[in-house]
Amino acid sequence: MTQMLIPGYDDMLAAHERIKPHIRRTPIRTSDYLDDLTGARLFFKCENFQEPGAFKVRGAANAVFGLDDEQARRGVATHSSGNHASCLSYAAMRRGIPCNVVMPRTAPQAKKDTVRRYGGRITECDPSTSSREATFAQVQAATGGDFVHPYNDPRVIAGQGTCAREVMEQTDGLDVMMAPIGGGGMISGTCLTLATLAPEVQVIAAEPEQADDAYRSFKAGHIIADDAPKTIADGLLVPLKDLTWHFVSNHVSDILTASDPEIVEAMKLIWKHLRIVMEPSSAVPLATILKNKDRFAGKRVGIIVTGGNVDLDRLPWMEGSKA
């Protein structure tokens, strides 16, 4: 922990200036129906509207455009279940440098297609954290690319923190800010920003019951890592690491969970009433609000819709679709 480089508020501000030419300032969407259903005032930050379809373009662009020319020539490399891979490929394409990514063979085809569209080179691995990291070690040794971790990287966390800054600028004050949690990059960035910008806002993370290692870590007071959890929310399969655990353990107010059926129902509600395409991982916050209505009644809640990369031929409510 003593050698861990923890990004600060100034790092987030610098990241926002660095990435502005390469990201979209995504809109806030609201729904009277969902407000009535939950008893809260909900503000959905539509990061699914980013060009690569996910918030992770913020951290990826900050890392890529922060490289000096010598580092950039060797390119970048990472491992990811999908959205970080596509966003890093996108940022690398914009800078004109190579990008190598390791992805689980079970990752949605839509996410693999997006990576390849942006010029990323994919090496597939088994769907477990151990396989992912072992395969990546081989790829990085062969390519020499700068490792941009999907979330346990100060450059990435500073970039993700720019999203919360925009939410606070786009809303007239909040009581709670929510985002899904897997490895904790977005939640960490949110904590980084709000601890300085709006310390009165509670940060609450939302997690699938079937991949609830962050919840159990939060309750136990130390990191508990599952190697290969299974949930419909495929973007939330990775464990916390030391850097994200720092933010979660020091700044997150609570972690709430929802079952896969509850997540799918929340996803359908958002598709229907916000009329936007978003992936199962993005529906977890609304699922937990619906499960804990009394806790959120009368409150102004910001919800980060983290991504919209889904396989339209295998939506979770379709017959035969599996997590």
# chains A, B, ... in the order shown; residues from 1 in each chain; ligands from 1
$ residues_around --residues "segment 64-72 of chain A" --least-positions-apart "3" --cutoff "12 Å" --atoms "only C-alpha atoms" --output "mmCIF file with N, CA and C atoms, in the first residue's frame"
data_model
loop_
_atom_site.group_PDB
_atom_site.id
_atom_site.type_symbol
_atom_site.label_atom_id
_atom_site.label_comp_id
_atom_site.auth_asym_id
_atom_site.auth_seq_id
_atom_site.Cartn_x
_atom_site.Cartn_y
_atom_site.Cartn_z
ATOM 1 N N ASP A 11 -5.461 15.419 -10.505
ATOM 2 C CA ASP A 11 -5.261 14.451 -11.586
ATOM 3 C C ASP A 11 -6.536 14.302 -12.418
ATOM 4 N N ALA A 14 -6.876 17.443 -14.610
ATOM 5 C CA ALA A 14 -5.945 17.367 -15.742
ATOM 6 C C ALA A 14 -6.429 16.349 -16.768
ATOM 7 N N ALA A 15 -6.977 15.238 -16.283
ATOM 8 C CA ALA A 15 -7.512 14.217 -17.181
ATOM 9 C C ALA A 15 -8.655 14.777 -18.013
ATOM 10 N N HIS A 16 -9.522 15.568 -17.391
ATOM 11 C CA HIS A 16 -10.681 16.099 -18.114
ATOM 12 C C HIS A 16 -10.240 16.992 -19.268
ATOM 13 N N GLU A 17 -9.226 17.807 -19.033
ATOM 14 C CA GLU A 17 -8.708 18.658 -20.113
ATOM 15 C C GLU A 17 -8.071 17.809 -21.209
ATOM 16 N N ARG A 18 -7.346 16.772 -20.811
ATOM 17 C CA ARG A 18 -6.624 15.922 -21.765
ATOM 18 C C ARG A 18 -7.588 15.164 -22.680
ATOM 19 N N ILE A 19 -8.699 14.687 -22.131
ATOM 20 C CA ILE A 19 -9.563 13.788 -22.897
ATOM 21 C C ILE A 19 -10.711 14.488 -23.604
ATOM 22 N N LYS A 20 -10.926 15.763 -23.334
ATOM 23 C CA LYS A 20 -12.083 16.454 -23.920
ATOM 24 C C LYS A 20 -12.204 16.304 -25.437
ATOM 25 N N PRO A 21 -11.099 16.352 -26.188
ATOM 26 C CA PRO A 21 -11.242 16.188 -27.648
ATOM 27 C C PRO A 21 -11.629 14.775 -28.078
ATOM 28 N N HIS A 22 -11.586 13.826 -27.174
ATOM 29 C CA HIS A 22 -11.727 12.418 -27.551
ATOM 30 C C HIS A 22 -12.948 11.726 -26.945
ATOM 31 N N VAL A 57 -14.042 4.783 -21.910
ATOM 32 C CA VAL A 57 -13.261 5.591 -22.847
ATOM 33 C C VAL A 57 -12.576 6.744 -22.122
ATOM 34 N N ARG A 58 -13.127 7.172 -21.002
ATOM 35 C CA ARG A 58 -12.532 8.276 -20.250
ATOM 36 C C ARG A 58 -11.155 7.886 -19.699
ATOM 37 N N GLY A 59 -11.117 6.789 -18.949
ATOM 38 C CA GLY A 59 -9.853 6.343 -18.390
ATOM 39 C C GLY A 59 -8.873 5.894 -19.449
ATOM 40 N N ALA A 60 -9.390 5.222 -20.476
ATOM 41 C CA ALA A 60 -8.523 4.744 -21.551
ATOM 42 C C ALA A 60 -7.878 5.910 -22.292
ATOM 43 N N ALA A 61 -8.667 6.920 -22.613
ATOM 44 C CA ALA A 61 -8.122 8.077 -23.330
ATOM 45 C C ALA A 61 -7.109 8.828 -22.468
ATOM 46 N N GLY A 75 2.888 1.073 -28.156
ATOM 47 C CA GLY A 75 1.471 0.775 -28.046
ATOM 48 C C GLY A 75 1.032 0.495 -26.623
ATOM 49 N N VAL A 76 -0.190 -0.007 -26.516
ATOM 50 C CA VAL A 76 -0.779 -0.321 -25.215
ATOM 51 C C VAL A 76 -1.316 -1.741 -25.239
ATOM 52 N N ALA A 77 -1.501 -2.291 -24.050
ATOM 53 C CA ALA A 77 -2.030 -3.652 -23.925
ATOM 54 C C ALA A 77 -2.867 -3.742 -22.666
ATOM 55 N N THR A 78 -3.858 -4.642 -22.680
ATOM 56 C CA THR A 78 -4.711 -4.806 -21.507
ATOM 57 C C THR A 78 -5.436 -6.138 -21.552
ATOM 58 N N CYS A 87 -12.718 0.415 -25.553
ATOM 59 C CA CYS A 87 -12.401 1.828 -25.324
ATOM 60 C C CYS A 87 -10.909 2.102 -25.464
ATOM 61 N N LEU A 88 -10.068 1.180 -25.012
ATOM 62 C CA LEU A 88 -8.629 1.358 -25.175
ATOM 63 C C LEU A 88 -8.251 1.262 -26.656
ATOM 64 N N SER A 89 -8.903 0.341 -27.374
ATOM 65 C CA SER A 89 -8.661 0.225 -28.819
ATOM 66 C C SER A 89 -9.052 1.520 -29.531
ATOM 67 N N TYR A 90 -10.175 2.093 -29.127
ATOM 68 C CA TYR A 90 -10.652 3.348 -29.715
ATOM 69 C C TYR A 90 -9.647 4.486 -29.470
ATOM 70 N N ALA A 91 -9.191 4.611 -28.209
ATOM 71 C CA ALA A 91 -8.251 5.671 -27.883
ATOM 72 C C ALA A 91 -6.926 5.469 -28.628
ATOM 73 N N ALA A 92 -6.480 4.211 -28.693
ATOM 74 C CA ALA A 92 -5.240 3.914 -29.412
ATOM 75 C C ALA A 92 -5.377 4.231 -30.896
ATOM 76 N N MET A 93 -6.528 3.916 -31.472
ATOM 77 C CA MET A 93 -6.781 4.231 -32.880
ATOM 78 C C MET A 93 -6.694 5.741 -33.114
ATOM 79 N N ARG A 94 -7.251 6.515 -32.190
ATOM 80 C CA ARG A 94 -7.230 7.972 -32.348
ATOM 81 C C ARG A 94 -5.810 8.524 -32.246
ATOM 82 N N ARG A 95 -4.968 7.830 -31.506
ATOM 83 C CA ARG A 95 -3.572 8.293 -31.420
ATOM 84 C C ARG A 95 -2.695 7.629 -32.472
ATOM 85 N N GLY A 96 -3.223 6.585 -33.122
ATOM 86 C CA GLY A 96 -2.462 5.911 -34.167
ATOM 87 C C GLY A 96 -1.405 4.963 -33.644
ATOM 88 N N ILE A 97 -1.706 4.291 -32.530
ATOM 89 C CA ILE A 97 -0.739 3.358 -31.937
ATOM 90 C C ILE A 97 -1.389 1.982 -31.786
ATOM 91 N N PRO A 98 -0.579 0.896 -31.679
ATOM 92 C CA PRO A 98 -1.149 -0.448 -31.572
ATOM 93 C C PRO A 98 -1.803 -0.705 -30.214
ATOM 94 N N CYS A 99 -2.772 -1.630 -30.217
ATOM 95 C CA CYS A 99 -3.462 -2.022 -28.992
ATOM 96 C C CYS A 99 -3.695 -3.527 -29.014
ATOM 97 N N GLY A 144 5.407 -5.739 -25.683
ATOM 98 C CA GLY A 144 6.062 -4.609 -25.029
ATOM 99 C C GLY A 144 5.175 -3.399 -24.848
ATOM 100 N N GLY A 145 3.857 -3.559 -25.044
ATOM 101 C CA GLY A 145 2.936 -2.438 -24.896
ATOM 102 C C GLY A 145 2.796 -1.980 -23.454
ATOM 103 N N ASP A 146 2.470 -0.705 -23.267
ATOM 104 C CA ASP A 146 2.235 -0.157 -21.928
ATOM 105 C C ASP A 146 0.949 -0.761 -21.368
ATOM 106 N N PHE A 147 1.046 -1.357 -20.183
ATOM 107 C CA PHE A 147 -0.114 -2.003 -19.570
ATOM 108 C C PHE A 147 -1.063 -0.952 -19.013
ATOM 109 N N VAL A 148 -2.263 -0.901 -19.579
ATOM 110 C CA VAL A 148 -3.313 -0.034 -19.049
ATOM 111 C C VAL A 148 -4.341 -0.949 -18.400
ATOM 112 N N HIS A 149 -4.249 -1.087 -17.083
ATOM 113 C CA HIS A 149 -5.163 -1.976 -16.367
ATOM 114 C C HIS A 149 -6.592 -1.457 -16.515
ATOM 115 N N PRO A 154 -3.955 4.401 -11.753
ATOM 116 C CA PRO A 154 -4.314 5.773 -11.358
ATOM 117 C C PRO A 154 -4.748 6.644 -12.527
ATOM 118 N N ARG A 155 -4.181 6.397 -13.713
ATOM 119 C CA ARG A 155 -4.583 7.179 -14.899
ATOM 120 C C ARG A 155 -6.022 6.877 -15.281
ATOM 121 N N VAL A 156 -6.388 5.612 -15.179
ATOM 122 C CA VAL A 156 -7.744 5.179 -15.519
ATOM 123 C C VAL A 156 -8.744 5.736 -14.510
ATOM 124 N N ALA A 158 -8.444 8.370 -12.569
ATOM 125 C CA ALA A 158 -8.578 9.821 -12.748
ATOM 126 C C ALA A 158 -9.484 10.139 -13.928
ATOM 127 N N GLY A 159 -9.352 9.369 -15.007
ATOM 128 C CA GLY A 159 -10.221 9.577 -16.163
ATOM 129 C C GLY A 159 -11.680 9.274 -15.846
#
$ closest_atom_pairs --of "segment 154-192 of chain A" --to "segment 216-236 of chain A" --cutoff "8 Å" --atoms "only C-alpha atoms" --output "JSON lines"
{"residue": "A:Pro180", "atom": "CA", "partner": "A:Leu236", "partner_atom": "CA", "distance": 7.7}
{"residue": "A:Ile181", "atom": "CA", "partner": "A:Leu236", "partner_atom": "CA", "distance": 6.4}
{"residue": "A:Gly182", "atom": "CA", "partner": "A:Leu236", "partner_atom": "CA", "distance": 4.0}
{"residue": "A:Gly183", "atom": "CA", "partner": "A:Leu236", "partner_atom": "CA", "distance": 7.1}
$ closest_residue --among "A:Ala287, A:Pro150, A:Gly161, A:Glu279" --to "Glu207 of chain A" --atoms "only C-alpha atoms"
A:Ala287
$ closest_residue --among "A:Arg117, A:His84, A:Arg165, A:Lys111" --to "Lys45 of chain A" --atoms "only C-alpha atoms"
A:Arg165
$ residues_around --residues "Asn152 of chain A" --least-positions-apart "6" --cutoff "12 Å" --atoms "only C-alpha atoms" --output "number ranges by chain"
A: 4-7, 59, 78-79, 158, 160, 182-189, 238-247
$ select_by_dssp --residues "segment 134-169 of chain A" --states "alpha helix (DSSP H)" --output "ChimeraX atom specification"
/A:134-143,154-169
$ write_last_selection --atoms "N, CA, C and O atoms" --output "mmCIF file, in the first residue's frame"
data_model
loop_
_atom_site.group_PDB
_atom_site.id
_atom_site.type_symbol
_atom_site.label_atom_id
_atom_site.label_comp_id
_atom_site.auth_asym_id
_atom_site.auth_seq_id
_atom_site.Cartn_x
_atom_site.Cartn_y
_atom_site.Cartn_z
ATOM 1 N N ALA A 134 -2.769 -14.687 -16.684
ATOM 2 C CA ALA A 134 -1.664 -15.496 -17.222
ATOM 3 C C ALA A 134 -1.501 -15.283 -18.721
ATOM 4 O O ALA A 134 -0.376 -15.132 -19.228
ATOM 5 N N THR A 135 -2.621 -15.231 -19.440
ATOM 6 C CA THR A 135 -2.570 -15.005 -20.887
ATOM 7 C C THR A 135 -2.031 -13.617 -21.195
ATOM 8 O O THR A 135 -1.230 -13.426 -22.110
ATOM 9 N N PHE A 136 -2.466 -12.650 -20.389
ATOM 10 C CA PHE A 136 -2.000 -11.289 -20.622
ATOM 11 C C PHE A 136 -0.495 -11.168 -20.438
ATOM 12 O O PHE A 136 0.182 -10.464 -21.202
ATOM 13 N N ALA A 137 0.052 -11.844 -19.438
ATOM 14 C CA ALA A 137 1.502 -11.786 -19.200
ATOM 15 C C ALA A 137 2.268 -12.227 -20.443
ATOM 16 O O ALA A 137 3.306 -11.637 -20.797
ATOM 17 N N GLN A 138 1.739 -13.245 -21.130
ATOM 18 C CA GLN A 138 2.381 -13.720 -22.349
ATOM 19 C C GLN A 138 2.276 -12.670 -23.468
ATOM 20 O O GLN A 138 3.244 -12.415 -24.192
ATOM 21 N N VAL A 139 1.106 -12.071 -23.604
ATOM 22 C CA VAL A 139 0.884 -11.084 -24.662
ATOM 23 C C VAL A 139 1.764 -9.853 -24.452
ATOM 24 O O VAL A 139 2.403 -9.343 -25.387
ATOM 25 N N GLN A 140 1.816 -9.380 -23.211
ATOM 26 C CA GLN A 140 2.616 -8.179 -22.958
ATOM 27 C C GLN A 140 4.099 -8.441 -23.178
ATOM 28 O O GLN A 140 4.823 -7.596 -23.711
ATOM 29 N N ALA A 141 4.556 -9.626 -22.784
ATOM 30 C CA ALA A 141 5.961 -9.969 -22.997
ATOM 31 C C ALA A 141 6.306 -9.973 -24.487
ATOM 32 O O ALA A 141 7.405 -9.582 -24.890
ATOM 33 N N ALA A 142 5.352 -10.388 -25.302
ATOM 34 C CA ALA A 142 5.587 -10.467 -26.744
ATOM 35 C C ALA A 142 5.500 -9.111 -27.443
ATOM 36 O O ALA A 142 6.152 -8.887 -28.463
ATOM 37 N N THR A 143 4.699 -8.185 -26.903
ATOM 38 C CA THR A 143 4.447 -6.920 -27.593
ATOM 39 C C THR A 143 5.167 -5.722 -26.989
ATOM 40 O O THR A 143 5.480 -4.758 -27.695
ATOM 41 N N PRO A 154 -3.955 4.401 -11.753
ATOM 42 C CA PRO A 154 -4.314 5.773 -11.358
ATOM 43 C C PRO A 154 -4.748 6.644 -12.527
ATOM 44 O O PRO A 154 -5.600 7.523 -12.374
ATOM 45 N N ARG A 155 -4.181 6.397 -13.713
ATOM 46 C CA ARG A 155 -4.583 7.179 -14.899
ATOM 47 C C ARG A 155 -6.022 6.877 -15.281
ATOM 48 O O ARG A 155 -6.801 7.764 -15.671
ATOM 49 N N VAL A 156 -6.388 5.612 -15.179
ATOM 50 C CA VAL A 156 -7.744 5.179 -15.519
ATOM 51 C C VAL A 156 -8.744 5.736 -14.510
ATOM 52 O O VAL A 156 -9.803 6.274 -14.877
ATOM 53 N N ILE A 157 -8.425 5.641 -13.232
ATOM 54 C CA ILE A 157 -9.338 6.129 -12.195
ATOM 55 C C ILE A 157 -9.531 7.639 -12.309
ATOM 56 O O ILE A 157 -10.659 8.143 -12.189
ATOM 57 N N ALA A 158 -8.444 8.370 -12.569
ATOM 58 C CA ALA A 158 -8.578 9.821 -12.748
ATOM 59 C C ALA A 158 -9.484 10.139 -13.928
ATOM 60 O O ALA A 158 -10.318 11.056 -13.863
ATOM 61 N N GLY A 159 -9.352 9.369 -15.007
ATOM 62 C CA GLY A 159 -10.221 9.577 -16.163
ATOM 63 C C GLY A 159 -11.680 9.274 -15.846
ATOM 64 O O GLY A 159 -12.591 10.039 -16.222
ATOM 65 N N GLN A 160 -11.931 8.174 -15.142
ATOM 66 C CA GLN A 160 -13.310 7.830 -14.806
ATOM 67 C C GLN A 160 -13.938 8.883 -13.893
ATOM 68 O O GLN A 160 -15.148 9.107 -13.925
ATOM 69 N N GLY A 161 -13.116 9.534 -13.085
ATOM 70 C CA GLY A 161 -13.635 10.556 -12.181
ATOM 71 C C GLY A 161 -14.222 11.762 -12.882
ATOM 72 O O GLY A 161 -14.990 12.525 -12.290
ATOM 73 N N THR A 162 -13.883 11.947 -14.169
ATOM 74 C CA THR A 162 -14.431 13.082 -14.915
ATOM 75 C C THR A 162 -15.931 12.957 -15.111
ATOM 76 O O THR A 162 -16.626 13.954 -15.288
ATOM 77 N N CYS A 163 -16.446 11.729 -15.077
ATOM 78 C CA CYS A 163 -17.878 11.521 -15.274
ATOM 79 C C CYS A 163 -18.681 12.146 -14.135
ATOM 80 O O CYS A 163 -19.673 12.839 -14.363
ATOM 81 N N ALA A 164 -18.255 11.915 -12.907
ATOM 82 C CA ALA A 164 -18.961 12.482 -11.753
ATOM 83 C C ALA A 164 -18.908 13.998 -11.770
ATOM 84 O O ALA A 164 -19.870 14.674 -11.375
ATOM 85 N N ARG A 165 -17.792 14.554 -12.235
ATOM 86 C CA ARG A 165 -17.702 16.010 -12.344
ATOM 87 C C ARG A 165 -18.791 16.535 -13.278
ATOM 88 O O ARG A 165 -19.464 17.532 -12.976
ATOM 89 N N GLU A 166 -18.964 15.881 -14.412
ATOM 90 C CA GLU A 166 -19.988 16.314 -15.357
ATOM 91 C C GLU A 166 -21.390 16.172 -14.764
ATOM 92 O O GLU A 166 -22.244 17.043 -14.945
ATOM 93 N N VAL A 167 -21.630 15.068 -14.060
ATOM 94 C CA VAL A 167 -22.955 14.871 -13.451
ATOM 95 C C VAL A 167 -23.278 16.022 -12.504
ATOM 96 O O VAL A 167 -24.399 16.555 -12.508
ATOM 97 N N MET A 168 -22.322 16.415 -11.684
ATOM 98 C CA MET A 168 -22.576 17.494 -10.731
ATOM 99 C C MET A 168 -22.809 18.819 -11.440
ATOM 100 O O MET A 168 -23.575 19.668 -10.956
ATOM 101 N N GLU A 169 -22.169 19.008 -12.590
ATOM 102 C CA GLU A 169 -22.391 20.229 -13.367
ATOM 103 C C GLU A 169 -23.748 20.213 -14.069
ATOM 104 O O GLU A 169 -24.320 21.273 -14.352
#
$ select_by_dssp --residues "segment 125-300 of chain A" --states "strand (DSSP E)" --output "VMD selection string"
chain A and resid 125 146 to 147 176 to 180 202 to 208 254 to 258 300
$ closest_atom_pairs --of "segment 38-115 of chain A" --to "segment 306-313 of chain A" --cutoff "8 Å" --atoms "only C-alpha atoms" --output "JSON lines"
{"residue": "A:Cys46", "atom": "CA", "partner": "A:Thr306", "partner_atom": "CA", "distance": 7.2}
{"residue": "A:Glu47", "atom": "CA", "partner": "A:Thr306", "partner_atom": "CA", "distance": 5.3}
{"residue": "A:Asn48", "atom": "CA", "partner": "A:Gly307", "partner_atom": "CA", "distance": 4.1}
{"residue": "A:Phe49", "atom": "CA", "partner": "A:Gly308", "partner_atom": "CA", "distance": 7.5}
{"residue": "A:Gly53", "atom": "CA", "partner": "A:Gly308", "partner_atom": "CA", "distance": 5.3}
{"residue": "A:Ala54", "atom": "CA", "partner": "A:Gly307", "partner_atom": "CA", "distance": 4.0}
{"residue": "A:Phe55", "atom": "CA", "partner": "A:Thr306", "partner_atom": "CA", "distance": 5.4}
{"residue": "A:Asn83", "atom": "CA", "partner": "A:Asn309", "partner_atom": "CA", "distance": 7.6}
{"residue": "A:Pro108", "atom": "CA", "partner": "A:Asp311", "partner_atom": "CA", "distance": 6.3}
{"residue": "A:Gln109", "atom": "CA", "partner": "A:Asp311", "partner_atom": "CA", "distance": 6.5}
{"residue": "A:Ala110", "atom": "CA", "partner": "A:Asp311", "partner_atom": "CA", "distance": 5.1}
{"residue": "A:Lys111", "atom": "CA", "partner": "A:Asn309", "partner_atom": "CA", "distance": 6.3}
$ atom_distance --atom1 "atom CA of Val102 of chain A" --atom2 "atom CA of Val305 of chain A"
24.5 Å
$ atom_distance --atom1 "atom CA of Ser86 of chain A" --atom2 "atom CA of Ala211 of chain A"
22.7 Å
$ residues_around --residues "Glu124 of chain A" --least-positions-apart "6" --cutoff "8 Å" --atoms "only C-alpha atoms" --output "list in words"
Val102, Met103, Pro104 and Arg105 of chain A
$ residues_around --residues "Thr288 of chain A" --least-positions-apart "4" --cutoff "10 Å" --atoms "only C-alpha atoms" --output "number ranges by chain"
A: 178, 205-208, 255-259, 262-263, 266, 283-284, 292-293
$ decode --residues "segment 162-193 of chain A" --atoms "C-alpha atoms" --output "short mmCIF file (atom, residue, chain, number, x, y, z; two decimals), in the first residue's frame"
data_model
loop_
_atom_site.label_atom_id
_atom_site.label_comp_id
_atom_site.auth_asym_id
_atom_site.auth_seq_id
_atom_site.Cartn_x
_atom_site.Cartn_y
_atom_site.Cartn_z
CA THR A 162 -14.43 13.08 -14.91
CA CYS A 163 -17.88 11.52 -15.27
CA ALA A 164 -18.96 12.48 -11.75
CA ARG A 165 -17.70 16.01 -12.34
CA GLU A 166 -19.99 16.31 -15.36
CA VAL A 167 -22.96 14.87 -13.45
CA MET A 168 -22.58 17.49 -10.73
CA GLU A 169 -22.39 20.23 -13.37
CA GLN A 170 -25.50 18.88 -15.12
CA THR A 171 -27.72 18.48 -12.03
CA ASP A 172 -28.81 20.88 -9.33
CA GLY A 173 -27.33 18.92 -6.45
CA LEU A 174 -27.64 15.23 -5.51
CA ASP A 175 -28.08 13.20 -2.35
CA VAL A 176 -26.63 9.99 -3.76
CA MET A 177 -24.44 8.94 -6.69
CA MET A 178 -24.66 5.32 -7.81
CA ALA A 179 -22.75 3.14 -10.24
CA PRO A 180 -22.26 -0.59 -10.77
CA ILE A 181 -19.18 -2.16 -9.21
CA GLY A 182 -16.97 -4.90 -10.58
CA GLY A 183 -13.30 -4.01 -10.29
CA GLY A 184 -14.28 -0.60 -8.97
CA GLY A 185 -12.78 1.83 -11.49
CA MET A 186 -15.85 4.00 -11.96
CA ILE A 187 -16.77 3.92 -8.28
CA SER A 188 -13.19 4.88 -7.39
CA GLY A 189 -13.21 7.77 -9.83
CA THR A 190 -16.58 8.88 -8.47
CA CYS A 191 -15.21 8.81 -4.92
CA LEU A 192 -12.08 10.70 -5.99
CA THR A 193 -14.15 13.51 -7.50
#
